[in-house]
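Below is structure23.cif, which holds mmCIF, C-alpha atoms.
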```cif
data_query
#
loop_
_atom_site.label_atom_id
_atom_site.label_comp_id
_atom_site.auth_asym_id
_atom_site.auth_seq_id
_atom_site.Cartn_x
_atom_site.Cartn_y
_atom_site.Cartn_z
CA MET A 26 7.15 -22.77 21.18
CA SER A 27 3.58 -22.00 20.20
CA GLY A 28 2.05 -19.00 18.51
CA PRO A 29 2.27 -17.32 15.14
CA GLN A 30 3.83 -14.17 16.54
CA GLU A 31 7.34 -15.67 16.74
CA PRO A 32 8.25 -17.08 13.32
CA LEU A 33 11.93 -17.79 14.07
CA ILE A 34 13.66 -20.11 16.52
CA GLU A 35 17.36 -20.10 17.32
CA VAL A 36 19.47 -23.25 17.43
CA ASP A 37 19.91 -23.28 21.20
CA ARG A 38 16.18 -23.09 21.85
CA LEU A 39 15.43 -25.88 19.39
CA ALA A 40 18.16 -28.03 20.93
CA ALA A 41 16.60 -27.53 24.35
CA ALA A 42 13.12 -28.32 23.02
CA HIS A 43 14.48 -31.52 21.47
CA ASP A 44 15.12 -32.85 24.97
CA HIS A 45 11.48 -32.49 26.02
CA ALA A 46 9.20 -35.48 26.31
CA ASP A 47 7.10 -34.18 23.41
CA PRO A 48 9.44 -32.20 21.16
CA PRO A 49 8.32 -30.19 18.15
CA THR A 50 7.88 -31.90 14.81
CA VAL A 51 10.93 -31.02 12.71
CA LEU A 52 10.72 -30.89 8.92
CA ASP A 53 13.77 -30.83 6.65
CA VAL A 54 12.79 -28.90 3.51
CA ARG A 55 16.18 -28.43 1.88
CA TRP A 56 15.76 -27.49 -1.77
CA ARG A 57 17.64 -26.08 -4.75
CA LEU A 58 16.31 -24.43 -7.86
CA VAL A 59 18.96 -26.31 -9.83
CA GLY A 60 21.37 -29.08 -8.88
CA ALA A 61 21.09 -32.10 -6.64
CA PRO A 62 17.75 -32.56 -4.90
CA GLY A 63 17.44 -31.70 -1.24
CA ARG A 64 16.67 -35.30 -0.36
CA ASP A 65 20.29 -36.16 -1.18
CA ASP A 66 21.46 -33.69 1.47
CA TYR A 67 18.98 -35.19 3.91
CA ARG A 68 20.43 -38.67 3.41
CA VAL A 69 23.93 -37.41 4.17
CA GLY A 70 22.84 -35.91 7.47
CA HIS A 71 19.94 -34.15 9.15
CA LEU A 72 18.63 -33.06 12.52
CA PRO A 73 17.76 -36.08 14.68
CA GLY A 74 14.12 -37.00 14.16
CA ALA A 75 13.64 -34.64 11.23
CA VAL A 76 11.40 -35.81 8.39
CA PHE A 77 12.16 -34.76 4.83
CA VAL A 78 9.34 -32.94 3.02
CA ASP A 79 9.84 -32.03 -0.63
CA LEU A 80 9.00 -28.44 -1.50
CA ASP A 81 8.30 -29.15 -5.18
CA THR A 82 5.98 -32.13 -4.77
CA ALA A 83 4.51 -31.87 -1.25
CA LEU A 84 4.37 -28.18 -0.37
CA CYS A 85 3.47 -26.88 -3.85
CA GLY A 86 1.19 -27.87 -6.67
CA ALA A 87 2.32 -29.06 -10.08
CA PRO A 88 3.92 -26.35 -12.25
CA GLY A 89 1.80 -24.91 -15.03
CA ALA A 90 -0.22 -21.82 -15.83
CA GLY A 91 -0.45 -21.11 -12.10
CA GLY A 92 3.32 -20.75 -11.93
CA ARG A 93 6.30 -22.91 -11.12
CA HIS A 94 5.34 -23.27 -7.44
CA PRO A 95 1.58 -22.78 -7.19
CA LEU A 96 -0.57 -23.45 -4.16
CA PRO A 97 -0.83 -27.14 -3.28
CA ASP A 98 -4.07 -29.07 -3.41
CA PRO A 99 -5.32 -28.92 0.21
CA ALA A 100 -6.08 -32.64 0.40
CA ALA A 101 -2.67 -33.56 -1.01
CA LEU A 102 -0.94 -31.15 1.38
CA GLN A 103 -2.85 -32.57 4.33
CA ALA A 104 -1.82 -36.10 3.38
CA ALA A 105 1.84 -35.09 3.05
CA LEU A 106 1.87 -33.26 6.37
CA ARG A 107 0.15 -36.11 8.18
CA ALA A 108 2.66 -38.57 6.71
CA ALA A 109 5.41 -36.34 8.14
CA GLY A 110 3.80 -36.56 11.58
CA VAL A 111 2.37 -33.04 11.76
CA ARG A 112 -0.26 -32.89 14.48
CA ALA A 113 -3.01 -30.35 15.02
CA ASP A 114 -1.89 -27.53 17.33
CA HIS A 115 1.53 -29.16 17.86
CA PRO A 116 4.65 -27.05 17.23
CA VAL A 117 6.51 -27.50 13.95
CA VAL A 118 10.02 -26.31 13.10
CA VAL A 119 11.18 -26.17 9.47
CA TYR A 120 14.74 -25.77 8.24
CA ASP A 121 16.64 -25.71 4.97
CA GLY A 122 20.22 -25.52 3.73
CA GLY A 123 20.84 -22.09 5.16
CA ASP A 124 19.55 -19.44 2.75
CA GLY A 125 16.14 -19.58 4.43
CA MET A 126 14.04 -19.50 1.27
CA ALA A 127 12.61 -23.03 1.23
CA ALA A 128 12.06 -22.91 4.97
CA ALA A 129 10.20 -19.62 4.61
CA ARG A 130 7.97 -21.08 1.91
CA ALA A 131 7.29 -24.09 4.16
CA TRP A 132 6.50 -21.72 7.05
CA TRP A 133 4.19 -19.72 4.82
CA THR A 134 2.46 -22.83 3.46
CA LEU A 135 1.73 -24.24 6.90
CA ARG A 136 0.47 -20.86 8.10
CA TRP A 137 -1.68 -20.52 4.97
CA ALA A 138 -3.01 -24.02 5.69
CA GLY A 139 -4.15 -22.93 9.14
CA HIS A 140 -1.32 -24.41 11.23
CA ARG A 141 -0.35 -21.49 13.42
CA SER A 142 2.48 -22.97 15.50
CA VAL A 143 5.33 -23.16 13.00
CA ARG A 144 8.80 -21.63 13.09
CA VAL A 145 11.85 -21.39 10.88
CA LEU A 146 15.19 -22.50 12.30
CA HIS A 147 17.24 -19.31 12.02
CA GLY A 148 20.34 -20.11 9.99
CA GLY A 149 19.07 -23.53 8.98
CA TYR A 150 21.09 -26.73 8.95
CA PRO A 151 24.48 -24.95 8.82
CA ALA A 152 23.70 -23.13 12.07
CA TRP A 153 22.85 -26.46 13.75
CA VAL A 154 26.11 -28.03 12.57
CA ALA A 155 28.16 -24.96 13.48
CA ALA A 156 26.83 -25.23 17.04
CA GLY A 157 28.32 -28.71 17.29
CA LEU A 158 24.93 -30.37 17.73
CA PRO A 159 24.35 -33.98 16.69
CA VAL A 160 23.14 -35.02 13.27
CA SER A 161 21.65 -38.28 12.09
CA THR A 162 21.38 -40.43 8.98
CA ASP A 163 18.45 -42.44 10.31
CA THR A 164 15.13 -42.05 8.51
CA PRO A 165 12.41 -41.74 11.16
CA SER A 166 8.93 -43.20 10.78
CA PRO A 167 6.74 -40.86 12.81
CA PRO A 168 3.23 -41.83 13.84
CA PRO A 169 0.74 -40.33 11.36
CA GLY A 170 -0.33 -36.83 12.26
CA ASP A 171 -3.85 -35.49 12.45
CA VAL A 172 -3.36 -31.94 11.14
CA VAL A 173 -6.35 -30.52 9.26
CA VAL A 174 -5.55 -28.21 6.36
CA ARG A 175 -7.80 -25.16 6.34
CA PRO A 176 -6.67 -22.79 3.58
CA GLY A 177 -6.84 -19.06 4.17
CA GLY A 178 -4.58 -18.63 7.19
CA LEU A 179 -2.47 -16.03 5.35
CA PRO A 180 -3.52 -13.64 2.55
CA VAL A 181 -2.89 -14.60 -1.07
CA LEU A 182 -2.86 -12.55 -4.26
CA ASP A 183 -3.76 -13.76 -7.72
CA ALA A 184 -2.59 -11.94 -10.85
CA GLY A 185 -5.55 -9.55 -10.94
CA GLN A 186 -5.19 -8.67 -7.27
CA ALA A 187 -1.45 -8.16 -7.67
CA ALA A 188 -2.07 -5.78 -10.58
CA THR A 189 -4.63 -3.85 -8.55
CA LEU A 190 -2.31 -3.58 -5.56
CA ALA A 191 0.55 -2.33 -7.74
CA ALA A 192 -1.66 0.37 -9.23
CA MET A 193 -2.95 1.74 -5.91
CA ASP A 194 -1.50 4.87 -4.34
CA ASP A 195 -2.11 3.54 -0.83
CA ALA A 196 -0.46 0.16 -1.43
CA VAL A 197 2.86 -1.32 -2.56
CA LEU A 198 3.66 -4.51 -4.42
CA LEU A 199 7.26 -5.59 -3.79
CA ASP A 200 9.26 -7.38 -6.48
CA VAL A 201 12.06 -9.07 -4.52
CA ARG A 202 14.04 -10.42 -7.47
CA THR A 203 17.46 -9.06 -8.37
CA ALA A 204 17.55 -5.62 -9.94
CA PRO A 205 18.60 -6.81 -13.43
CA ARG A 206 15.63 -9.19 -13.57
CA TYR A 207 13.30 -6.45 -12.34
CA ARG A 208 14.61 -4.03 -14.96
CA GLY A 209 14.14 -6.63 -17.68
CA GLU A 210 17.80 -6.80 -18.59
CA MET A 211 17.91 -10.55 -18.10
CA GLU A 212 15.58 -13.43 -17.28
CA PRO A 213 17.32 -16.76 -16.71
CA ILE A 214 14.22 -18.79 -15.90
CA ASP A 215 10.96 -17.42 -17.26
CA THR A 216 9.96 -16.65 -20.83
CA VAL A 217 9.62 -12.86 -20.55
CA ALA A 218 11.79 -10.30 -18.74
CA GLY A 219 10.50 -7.32 -16.79
CA HIS A 220 8.17 -6.69 -13.89
CA VAL A 221 4.53 -6.16 -12.99
CA PRO A 222 3.67 -2.55 -13.84
CA GLY A 223 3.70 -0.50 -10.64
CA ALA A 224 5.74 -2.98 -8.61
CA VAL A 225 8.64 -1.63 -6.53
CA ASN A 226 11.97 -3.46 -6.54
CA LEU A 227 13.43 -4.53 -3.19
CA PRO A 228 15.95 -7.34 -3.83
CA ALA A 229 15.99 -10.01 -1.15
CA GLY A 230 19.62 -9.31 -0.34
CA GLU A 231 18.59 -5.96 1.12
CA TYR A 232 16.60 -7.49 3.98
CA VAL A 233 18.12 -10.95 4.58
CA GLY A 234 21.69 -12.20 4.52
CA PRO A 235 23.01 -15.04 2.33
CA ASP A 236 23.02 -17.21 5.44
CA GLY A 237 19.26 -16.77 5.77
CA ARG A 238 19.57 -14.62 8.87
CA PHE A 239 17.48 -11.48 9.35
CA PRO A 240 18.50 -8.20 10.97
CA ALA A 241 16.62 -6.75 13.92
CA ALA A 242 12.96 -5.85 13.52
CA HIS A 243 13.60 -2.08 13.52
CA VAL A 244 16.19 -2.48 10.75
CA LEU A 245 13.72 -4.50 8.69
CA SER A 246 11.06 -1.83 9.25
CA GLU A 247 13.42 0.87 7.98
CA ARG A 248 14.35 -1.10 4.87
CA PHE A 249 10.75 -1.84 4.01
CA ALA A 250 9.77 1.77 4.71
CA ALA A 251 12.40 2.92 2.22
CA ALA A 252 10.60 0.80 -0.38
CA GLY A 253 7.26 2.41 0.44
CA VAL A 254 5.91 0.06 3.11
CA THR A 255 4.77 2.75 5.48
CA GLY A 256 1.78 3.45 7.69
CA ALA A 257 -1.36 1.62 6.72
CA ARG A 258 -0.35 1.02 3.09
CA SER A 259 -1.33 -2.48 2.00
CA VAL A 260 1.64 -4.63 0.98
CA GLY A 261 2.19 -7.71 -1.14
CA ALA A 262 5.26 -9.46 -2.51
CA TYR A 263 6.26 -11.57 -5.48
CA CYS A 264 9.40 -13.07 -7.00
CA GLY A 265 9.92 -15.64 -9.74
CA SER A 266 7.73 -18.40 -8.38
CA GLY A 267 6.68 -17.50 -4.84
CA VAL A 268 9.60 -18.97 -2.86
CA THR A 269 11.84 -15.96 -2.29
CA ALA A 270 8.73 -13.80 -1.87
CA ALA A 271 7.54 -16.09 0.93
CA GLN A 272 10.76 -15.15 2.70
CA ALA A 273 9.85 -11.50 2.13
CA VAL A 274 6.49 -12.11 3.80
CA LEU A 275 8.33 -13.72 6.72
CA ALA A 276 10.57 -10.65 6.96
CA LEU A 277 7.52 -8.40 6.85
CA HIS A 278 6.00 -10.40 9.72
CA LEU A 279 9.20 -9.84 11.69
CA ALA A 280 8.84 -6.12 10.95
CA GLY A 281 5.28 -6.17 12.29
CA ARG A 282 3.41 -6.39 8.97
CA THR A 283 1.52 -9.61 9.54
CA ASP A 284 -1.03 -8.54 6.91
CA ALA A 285 1.47 -8.92 4.04
CA ALA A 286 0.10 -10.91 1.11
CA LEU A 287 1.96 -13.32 -1.16
CA TYR A 288 1.46 -13.42 -4.91
CA VAL A 289 2.08 -17.17 -5.00
CA GLY A 290 2.20 -17.56 -8.77
CA SER A 291 4.58 -14.59 -9.01
CA TRP A 292 6.35 -13.75 -12.27
CA SER A 293 6.07 -17.31 -13.63
CA ASN A 294 2.29 -16.98 -13.41
CA TRP A 295 2.19 -13.37 -14.64
CA VAL A 296 3.96 -14.13 -17.93
CA ALA A 297 1.90 -17.28 -18.54
CA ASP A 298 -0.73 -14.96 -20.01
CA PRO A 299 0.74 -12.94 -22.91
CA ALA A 300 -2.06 -10.37 -22.54
CA ARG A 301 -0.69 -9.17 -19.21
CA PRO A 302 1.39 -5.98 -19.47
CA VAL A 303 5.10 -5.99 -18.70
CA ALA A 304 7.16 -3.04 -17.50
CA VAL A 305 10.92 -2.65 -17.86
CA GLY A 306 13.47 -0.21 -16.47
CA GLU A 307 14.29 1.04 -12.99
CA THR A 308 10.97 2.73 -12.26
CA PRO A 309 7.74 0.95 -11.30
CA GLY A 310 6.33 1.89 -14.70
CA ARG A 311 2.65 2.20 -13.88
#
```

Same coordinates, now as structure tokens:
Amino acid sequence: MSGPQEPLIEVDRLAAAHDHADPPTVLDVRWRLVGAPGRDDYRVGHLPGAVFVDLDTALCGAPGAGGRHPLPDPAALQAALRAAGVRADHPVVVYDGGDGMAAARAWWTLRWAGHRSVRVLHGGYPAWVAAGLPVSTDTPSPPPGDVVVRPGGLPVLDAGQAATLAAMDDAVLLDVRTAPRYRGEMEPIDTVAGHVPGAVNLPAGEYVGPDGRFPAAHVLSERFAAAGVTGARSVGAYCGSGVTAAQAVLALHLAGRTDAALYVGSWSNWVADPARPVAVGETPGR
């Protein structure tokens, strides 16, 4: 169960680990951009022993100029993780409602915080239910954890670094939003439509399915290579607010690019400063 080199865990392996004397800490991070909060889903049913952790309030900072899902305050994150029972060097498994985005952001946040042994349940809660495994409505009260948050476990980009990466010939900045948002034809959430000049569009649907499941590593490598992620070219990713892009970083890890950086503030941070340039159209627009 340990080690950062295996970011996914399948349902059968988690079910087997659940039967151990000291099972992994399981975090339910179900979340929606709009609609009922994930905690409501948790109350209806969750993996036995799983603790609910809210993406908006525990795993991210308050929305503002830094974006809609900025980095959390390290002390606040540490307190939230300890309250959920996360222990230093003890395996953690995170899962969401099936699309894999919130779980990927939770995976990324724990890795960024220095907790190396964390995995995403492949297929999320629906995969667990489909396997006929038990669910619970009990709310566990785990003993407080002792995890220590040490930021810097994964690379992060700010707006200036994202702009620099996008402008480099030996690097690629991936915009993983839908093509119409990238082209600037529509923007349902943020105040300005378009993309970071120089960024290359690779919509999330091209490397992960709607059920949150990833293809084989060689398939991922081919899809990222088609977007320019080749050889030793540096790579970063962004989306609207750093959630979907965290899933892109997870996919890049699966493809062997464990150096991939996340522009956490993403587009919601980029457009917070009206002085930053905006490109539109199908081309990167450097």

Please evaluate the PyMOL selection byres ((chain A and resi 222) around 8) against the displayed coordinates and give the resulting residues as a PyMOL selection string. chain A and resi 188+191-192+220-221+223-224+302-304+309-311

Could you save the residues just selected, with C-alpha atoms, as a JSON list (two decimals), in the frame of the given file?
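After the write, part29.json holds the following:
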```json
[["chain", "number", "residue", "atom", "x", "y", "z"],
["A", 188, "ALA", "CA", -2.07, -5.78, -10.58],
["A", 191, "ALA", "CA", 0.55, -2.33, -7.74],
["A", 192, "ALA", "CA", -1.66, 0.37, -9.23],
["A", 220, "HIS", "CA", 8.17, -6.69, -13.89],
["A", 221, "VAL", "CA", 4.53, -6.16, -12.99],
["A", 223, "GLY", "CA", 3.70, -0.50, -10.64],
["A", 224, "ALA", "CA", 5.74, -2.98, -8.61],
["A", 302, "PRO", "CA", 1.39, -5.98, -19.47],
["A", 303, "VAL", "CA", 5.10, -5.99, -18.70],
["A", 304, "ALA", "CA", 7.16, -3.04, -17.50],
["A", 309, "PRO", "CA", 7.74, 0.95, -11.30],
["A", 310, "GLY", "CA", 6.33, 1.89, -14.70],
["A", 311, "ARG", "CA", 2.65, 2.20, -13.88]]
```

Step by step, work through what the PyMOL selection byres ((chain A and resi 32-36) around 7) selects in the shown file, and finish by giving those residues as number ranges by chain. A: 29-31, 37-40, 143-147, 152-153

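Of the residues under consideration (A:Asp236, A:Asp121, A:Asp200, A:Asp171), A:Asp171 shows the shortest atom-to-atom contact distance to A:Ala104 when counting all atoms listed in the file.
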
Run the PyMOL selection byres ((chain A and resi 197) around 10) against the file shown and list the residues it catches, as a PyMOL selection string. chain A and resi 187+189-196+198-200+223-225+252-255+258-262

Please write the residues from the selection above to a file, keeping C-alpha atoms, as an mmCIF file, keeping the file's coordinate frame.
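So the final result, stored in result16.cif, reads:
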```
data_model
loop_
_atom_site.group_PDB
_atom_site.id
_atom_site.type_symbol
_atom_site.label_atom_id
_atom_site.label_comp_id
_atom_site.auth_asym_id
_atom_site.auth_seq_id
_atom_site.Cartn_x
_atom_site.Cartn_y
_atom_site.Cartn_z
ATOM 1 C CA ALA A 187 -1.450 -8.160 -7.670
ATOM 2 C CA THR A 189 -4.630 -3.850 -8.550
ATOM 3 C CA LEU A 190 -2.310 -3.580 -5.560
ATOM 4 C CA ALA A 191 0.550 -2.330 -7.740
ATOM 5 C CA ALA A 192 -1.660 0.370 -9.230
ATOM 6 C CA MET A 193 -2.950 1.740 -5.910
ATOM 7 C CA ASP A 194 -1.500 4.870 -4.340
ATOM 8 C CA ASP A 195 -2.110 3.540 -0.830
ATOM 9 C CA ALA A 196 -0.460 0.160 -1.430
ATOM 10 C CA LEU A 198 3.660 -4.510 -4.420
ATOM 11 C CA LEU A 199 7.260 -5.590 -3.790
ATOM 12 C CA ASP A 200 9.260 -7.380 -6.480
ATOM 13 C CA GLY A 223 3.700 -0.500 -10.640
ATOM 14 C CA ALA A 224 5.740 -2.980 -8.610
ATOM 15 C CA VAL A 225 8.640 -1.630 -6.530
ATOM 16 C CA ALA A 252 10.600 0.800 -0.380
ATOM 17 C CA GLY A 253 7.260 2.410 0.440
ATOM 18 C CA VAL A 254 5.910 0.060 3.110
ATOM 19 C CA THR A 255 4.770 2.750 5.480
ATOM 20 C CA ARG A 258 -0.350 1.020 3.090
ATOM 21 C CA SER A 259 -1.330 -2.480 2.000
ATOM 22 C CA VAL A 260 1.640 -4.630 0.980
ATOM 23 C CA GLY A 261 2.190 -7.710 -1.140
ATOM 24 C CA ALA A 262 5.260 -9.460 -2.510
#
```

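Here atom CA of A:Ala250 stands at a distance of 13.5 Å from atom CA of A:Ala273.
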
Kindly indicate which residue among A:Val233, A:Val119, A:Cys264, A:Val174 lies nearest to A:Leu80, using all atoms listed in the file for the distances.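 Using all atoms listed in the file, A:Leu80 sits closest to A:Val119.
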
Would you mind telling me which residue in A:Gly209, A:Gly125, A:Gly306, A:Gly178 lies nearest to A:Ala285 when using all atoms listed in the file?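 Of the candidates, the smallest distance to A:Ala285 is held by A:Gly178.
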